[in-house]
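Enquirer: Here it is, the structure in full.
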Amino acid sequence: MHCTRKHDYNDAMLNNEAAKTTPFEIKVIYSKRKTIELRFLDADLLQIKAPNRTSKQKLADVLLQKADWIAKTRRTLAERWQTPQMKQGEQILLLGSWHSLKILSTPNAKPQISETGVITIGKSLAEAGASALVPLYRQLTRQWTEHYAQLYAQRWQLAHQGIRITSASTRWGSCGPKNTLNFSWRLAMAPLISIEYLVVHELAHIKHRDHSKAFWQFLKQMMPHFEEGQSWLKQNGNKLPKIKP
Ligand SMILES: [Zn+2]
């Protein structure tokens, strides 16, 4: 059994340095556990899981100890792009730019991108929320990764064993032990040059399994301007909107 109590910044418990930025809400869940765990559910809501009868002083101490982590995590979360609402005119991130969403009256029209760059989807499908866009992200990820893989594999004589589209949320791609290339459908949110870079990166792993100097040299040989594609992923990777697969 556990109970949930809500505290806000003004609570005496939190009268400490850790929380002396903008206020955020804290939810403490007491249970039979042995350790204290902190997790931000969003930038303004911290969930603390704590053993039964943990004192307020103890919690305040933990918050103080974790002040840097708290500030950093909140900054990252605040910068995150919002999960799209499936309503007319909503802006959707696709291939590195924002596209308007148009909800169609045809109930089950699959998500598509028109020639003018508008994303369309049927109203019944849209009711499922942002997840309804995943088939479009998958399709574009497959289309573009296959395009670049074919181009570079041929040019550099690197034989991969097919492409798999995954739902990974913490890695863009990987090269399997049998040279299958895996790419997350989230990659379709990135610009084409980043997709190109990631394909070249995974292909280069067929020759160099590590991230050694030789690997990066080979990669640069394959795609001399690879940094351009890499930087978008580095800068925006943890801002991607949360969309469930
Ligand atoms: Zn790598």
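Letters A, B, ... go to the chains of the structure tokens in the order shown; residues in each chain start at 1; ligands are counted from 1 in the same order.
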Do you know which residues are within 7 Å of ligand 1 using only C-alpha atoms and all ligand atoms? Can you write them as a list in words?
Expert: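 For ligand 1, the residues inside 7 Å are Ser174, His201, Glu202, His205, Asp210 and His211 of chain A.
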Enquirer: Mind listing the strand (DSSP E or B) residues of range 82-225 of chain A, per DSSP on the backbone, as a compact mmCIF listing (two decimals) with N, CA and C atoms, in the first residue's frame?
Expert:
```txt
# COMPACT_ATOMS: atom_id res chain seq x y z
N GLN A 91 1.29 22.10 -35.92
CA GLN A 91 2.58 21.99 -36.61
C GLN A 91 3.25 20.66 -36.26
N ILE A 92 3.62 19.93 -37.29
CA ILE A 92 4.20 18.59 -37.11
C ILE A 92 5.62 18.59 -37.67
N LEU A 93 6.54 18.03 -36.87
CA LEU A 93 7.93 17.98 -37.30
C LEU A 93 8.17 16.78 -38.22
N LEU A 94 8.65 17.07 -39.42
CA LEU A 94 8.89 16.02 -40.40
C LEU A 94 10.06 16.43 -41.27
N SER A 97 11.58 20.01 -40.73
CA SER A 97 10.82 21.26 -40.69
C SER A 97 9.39 21.00 -40.23
N TRP A 98 8.69 22.12 -39.98
CA TRP A 98 7.35 22.01 -39.39
C TRP A 98 6.31 22.09 -40.49
N HIS A 99 5.35 21.16 -40.43
CA HIS A 99 4.32 21.06 -41.46
C HIS A 99 2.94 21.15 -40.80
N SER A 100 2.01 21.81 -41.51
CA SER A 100 0.65 21.93 -40.98
C SER A 100 -0.10 20.61 -41.11
N LEU A 101 -0.93 20.36 -40.12
CA LEU A 101 -1.76 19.15 -40.13
C LEU A 101 -3.17 19.51 -40.61
N LYS A 102 -3.68 18.67 -41.49
CA LYS A 102 -5.05 18.86 -41.95
C LYS A 102 -5.83 17.58 -41.66
N ILE A 103 -6.91 17.72 -40.89
CA ILE A 103 -7.73 16.55 -40.57
C ILE A 103 -8.79 16.40 -41.66
N LEU A 104 -8.82 15.23 -42.28
CA LEU A 104 -9.77 15.00 -43.38
C LEU A 104 -11.05 14.37 -42.85
N GLN A 112 -0.50 11.13 -44.55
CA GLN A 112 0.28 11.33 -45.78
C GLN A 112 0.83 12.73 -45.79
N ILE A 113 1.85 12.93 -46.62
CA ILE A 113 2.30 14.29 -46.82
C ILE A 113 2.01 14.66 -48.27
N ILE A 119 0.40 17.82 -44.03
CA ILE A 119 0.19 16.44 -43.58
C ILE A 119 -1.31 16.23 -43.41
N THR A 120 -1.82 15.19 -44.05
CA THR A 120 -3.25 14.93 -43.95
C THR A 120 -3.49 13.59 -43.26
N ILE A 121 -4.63 13.52 -42.56
CA ILE A 121 -4.98 12.27 -41.89
C ILE A 121 -6.49 12.24 -41.66
N GLY A 122 -7.09 11.07 -41.71
CA GLY A 122 -8.53 10.93 -41.49
C GLY A 122 -8.90 11.19 -40.05
N ILE A 163 17.32 -3.51 -44.05
CA ILE A 163 17.04 -2.42 -43.12
C ILE A 163 15.82 -2.76 -42.29
N ARG A 164 15.93 -2.48 -40.99
CA ARG A 164 14.82 -2.71 -40.08
C ARG A 164 14.45 -1.38 -39.44
N ILE A 165 13.17 -1.08 -39.39
CA ILE A 165 12.74 0.17 -38.76
C ILE A 165 12.26 -0.16 -37.34
N THR A 166 12.85 0.51 -36.34
CA THR A 166 12.52 0.21 -34.95
C THR A 166 11.78 1.39 -34.31
N GLY A 173 19.99 4.77 -34.52
CA GLY A 173 20.20 3.62 -35.38
C GLY A 173 21.31 2.75 -34.85
N SER A 174 21.47 1.59 -35.47
CA SER A 174 22.57 0.70 -35.10
C SER A 174 22.84 -0.25 -36.25
N CYS A 175 24.01 -0.87 -36.17
CA CYS A 175 24.39 -1.85 -37.18
C CYS A 175 24.52 -3.18 -36.45
N LEU A 181 20.93 -3.16 -40.81
CA LEU A 181 20.92 -1.78 -40.34
C LEU A 181 19.58 -1.48 -39.68
N ASN A 182 19.62 -0.96 -38.46
CA ASN A 182 18.40 -0.61 -37.74
C ASN A 182 18.28 0.90 -37.61
N PHE A 183 17.09 1.39 -37.90
CA PHE A 183 16.87 2.83 -37.76
C PHE A 183 15.55 3.08 -37.05
N SER A 184 15.56 4.03 -36.13
CA SER A 184 14.33 4.38 -35.43
C SER A 184 13.46 5.24 -36.36
```
Enquirer: With only C-alpha atoms as the atoms that count, which of A:Phe215, A:Trp232, A:Trp144, A:Tyr30 lies nearest to Leu59 in chain A?
Expert: A:Tyr30
Enquirer: May I have all residues of range 67-222 of chain A that DSSP, computed from the backbone, assigns to helix (DSSP H, G or I), given as a ChimeraX atom specification?
Expert: /A:67-79,123-126,130-156,185-189,192-207,213-222
Enquirer: Find the distance between CA of Ala149 in chain A and CA of Gly162 in chain A and write it in Å to one decimal.
Expert: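 The value is 9.2 Å.
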Enquirer: Pick from A:Lys27, A:Lys87, A:Arg75, A:Arg80: nearest to Gln47 in chain A, with only C-alpha atoms counted?
Expert: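 Closest residue, counting only C-alpha atoms: A:Lys27.
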